[in-house]
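Undergrad: Here it is, the structure in full.
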Amino acid sequence: MRTLTVTGHIVADAERKISKSGKEYLTFRIANNEFNDEKGDDGKQKPYWFGVSSLNQRHFNMAQHLTKGKPVIVIGDYSDRIYQNKEGNCDTSRDILANAIYFLPGNGESTKSATPTETQTAPTTQTVMTAKPTTAEIKVPSQVVTDDDDDNLPF
């Protein structure tokens, strides 16, 4: 599996559903246009759409707060799914099985008031890019080890 972290806005209220096998899960969709340079017919930037689902009980408790327009961070296992759209063409769905869901400040509420549990509070610091190490910081081994027995390979 590929782990993906996506920041976006919820496009429809989260729903609790039951699978054919009887397992309960949470599902909602988010939109993110951060890295998509494509423009629609109206000239606006097209978003990437992600289907999010979760089997985590803590996320079920958050369902009432996962409403349309809320900005969130979703971290989870990413997969592509090919399906046939309404026009009969093949299309790809971007799906995330959520491991973590965080609220971001925005949409008229603070992070604290939108967060049902303390463990689901979004990180308040931005990711800081560190500079590349200088030559003095790179440790070079003092002795180079070589294997002269290359001819003893079992194949």
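Identifiers for the structure tokens are assigned positionally: chains receive A, B, ... in sequence, residues are indexed from 1 per chain, and ligands are indexed from 1 in the order shown.
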Leaving out Leu97 in chain A and any residue of its chain fewer than 2 positions from it, which residues lie within 12 Å of it when counting only C-alpha atoms, given as a short mmCIF file (atom, residue, chain, number, x, y, z; two decimals) with N, CA and C atoms, in the first residue's frame?
TA:
data_model
loop_
_atom_site.label_atom_id
_atom_site.label_comp_id
_atom_site.auth_asym_id
_atom_site.auth_seq_id
_atom_site.Cartn_x
_atom_site.Cartn_y
_atom_site.Cartn_z
N MET A 1 0.83 -1.19 0.00
CA MET A 1 0.00 0.00 0.00
C MET A 1 0.87 1.25 0.00
N ARG A 2 0.34 2.29 -0.57
CA ARG A 2 1.00 3.59 -0.58
C ARG A 2 0.29 4.47 0.43
N THR A 3 1.05 5.09 1.33
CA THR A 3 0.47 6.01 2.30
C THR A 3 0.48 7.40 1.70
N LEU A 4 -0.65 8.10 1.87
CA LEU A 4 -0.81 9.42 1.28
C LEU A 4 -1.36 10.37 2.34
N THR A 5 -0.89 11.60 2.32
CA THR A 5 -1.42 12.66 3.18
C THR A 5 -2.03 13.70 2.27
N VAL A 6 -3.32 13.99 2.46
CA VAL A 6 -4.04 14.93 1.61
C VAL A 6 -4.72 15.97 2.48
N TYR A 25 -18.64 1.20 8.39
CA TYR A 25 -17.55 2.06 7.94
C TYR A 25 -18.08 3.48 7.75
N LEU A 26 -17.14 4.41 7.70
CA LEU A 26 -17.44 5.83 7.51
C LEU A 26 -16.94 6.22 6.13
N THR A 27 -17.70 7.04 5.42
CA THR A 27 -17.28 7.46 4.09
C THR A 27 -17.62 8.93 3.85
N PHE A 28 -16.72 9.62 3.14
CA PHE A 28 -16.95 10.98 2.68
C PHE A 28 -15.97 11.28 1.56
N ARG A 29 -16.17 12.41 0.88
CA ARG A 29 -15.29 12.81 -0.22
C ARG A 29 -14.65 14.15 0.10
N PHE A 50 -11.04 12.85 -3.86
CA PHE A 50 -10.62 11.66 -3.15
C PHE A 50 -11.81 11.10 -2.37
N GLY A 51 -12.06 9.82 -2.53
CA GLY A 51 -13.04 9.13 -1.70
C GLY A 51 -12.33 8.64 -0.45
N VAL A 52 -12.88 8.98 0.72
CA VAL A 52 -12.25 8.59 1.98
C VAL A 52 -13.18 7.62 2.70
N SER A 53 -12.62 6.55 3.21
CA SER A 53 -13.40 5.63 4.04
C SER A 53 -12.55 5.26 5.26
N SER A 54 -13.24 4.84 6.32
CA SER A 54 -12.54 4.48 7.55
C SER A 54 -13.30 3.39 8.28
N LEU A 55 -12.56 2.48 8.88
CA LEU A 55 -13.12 1.43 9.72
C LEU A 55 -12.85 1.71 11.20
N ASN A 56 -12.26 2.87 11.50
CA ASN A 56 -11.83 3.22 12.85
C ASN A 56 -13.00 3.77 13.67
N HIS A 59 -13.18 7.50 14.32
CA HIS A 59 -13.67 8.29 13.20
C HIS A 59 -15.19 8.26 13.13
N VAL A 74 -6.22 14.20 5.76
CA VAL A 74 -6.47 12.76 5.82
C VAL A 74 -5.17 12.05 5.50
N ILE A 75 -4.80 11.11 6.36
CA ILE A 75 -3.61 10.28 6.16
C ILE A 75 -4.09 8.84 6.08
N GLY A 76 -3.68 8.15 5.02
CA GLY A 76 -4.13 6.77 4.90
C GLY A 76 -3.53 6.04 3.72
N ASP A 77 -4.02 4.83 3.51
CA ASP A 77 -3.55 3.98 2.43
C ASP A 77 -4.28 4.35 1.14
N TYR A 78 -3.52 4.66 0.11
CA TYR A 78 -4.06 5.16 -1.14
C TYR A 78 -4.19 4.03 -2.16
N SER A 79 -5.28 4.06 -2.94
CA SER A 79 -5.44 3.12 -4.04
C SER A 79 -6.24 3.78 -5.15
N ASP A 80 -6.00 3.33 -6.37
CA ASP A 80 -6.77 3.77 -7.54
C ASP A 80 -7.79 2.68 -7.85
N ARG A 94 -9.81 7.98 -6.95
CA ARG A 94 -8.71 8.02 -5.99
C ARG A 94 -9.30 7.77 -4.61
N ASP A 95 -8.93 6.67 -4.00
CA ASP A 95 -9.51 6.26 -2.71
C ASP A 95 -8.46 6.21 -1.61
N ASN A 99 -6.23 6.32 8.08
CA ASN A 99 -5.63 5.94 9.35
C ASN A 99 -5.78 7.07 10.35
N ALA A 100 -5.78 8.31 9.85
CA ALA A 100 -5.90 9.49 10.71
C ALA A 100 -6.66 10.58 9.97
N ILE A 101 -7.51 11.28 10.71
CA ILE A 101 -8.25 12.42 10.17
C ILE A 101 -8.08 13.56 11.15
#
Undergrad: Find, counting only C-alpha atoms, the residue in A:Ser93, A:Phe60, A:Gly88, A:Leu66 that gets nearest to Lys17 in chain A.
TA: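 The answer is A:Phe60, which sits nearest to Lys17 in chain A.
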Undergrad: Restricting the calculation to only C-alpha atoms: of A:Lys20, A:Ile73, A:Thr7, A:Asn89, which residue gets closest to Glu34 in chain A?
TA: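 Answer, going by the shortest atom-to-atom distance: A:Thr7.
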Undergrad: As a ChimeraX atom specification, list the residues of range 2-64 of chain A assigned to alpha helix (DSSP H) by DSSP on the backbone atoms of this structure.
TA: /A:57-62
Undergrad: Which residue, A:Val11, A:Cys90, A:Gln84, A:Gly43, has the smallest gap to Lys70 in chain A when you use only C-alpha atoms?
TA: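 Counting only C-alpha atoms, the residue closest to Lys70 in chain A is A:Val11.
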Undergrad: Could you check the closest approach to Phe103 in chain A for each of A:Gly22, A:Gly40, A:Gly8, A:Pro47 and tell me which residue wins, using only C-alpha atoms?
TA: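 With only C-alpha atoms as the atom set, the closest residue is A:Gly8.
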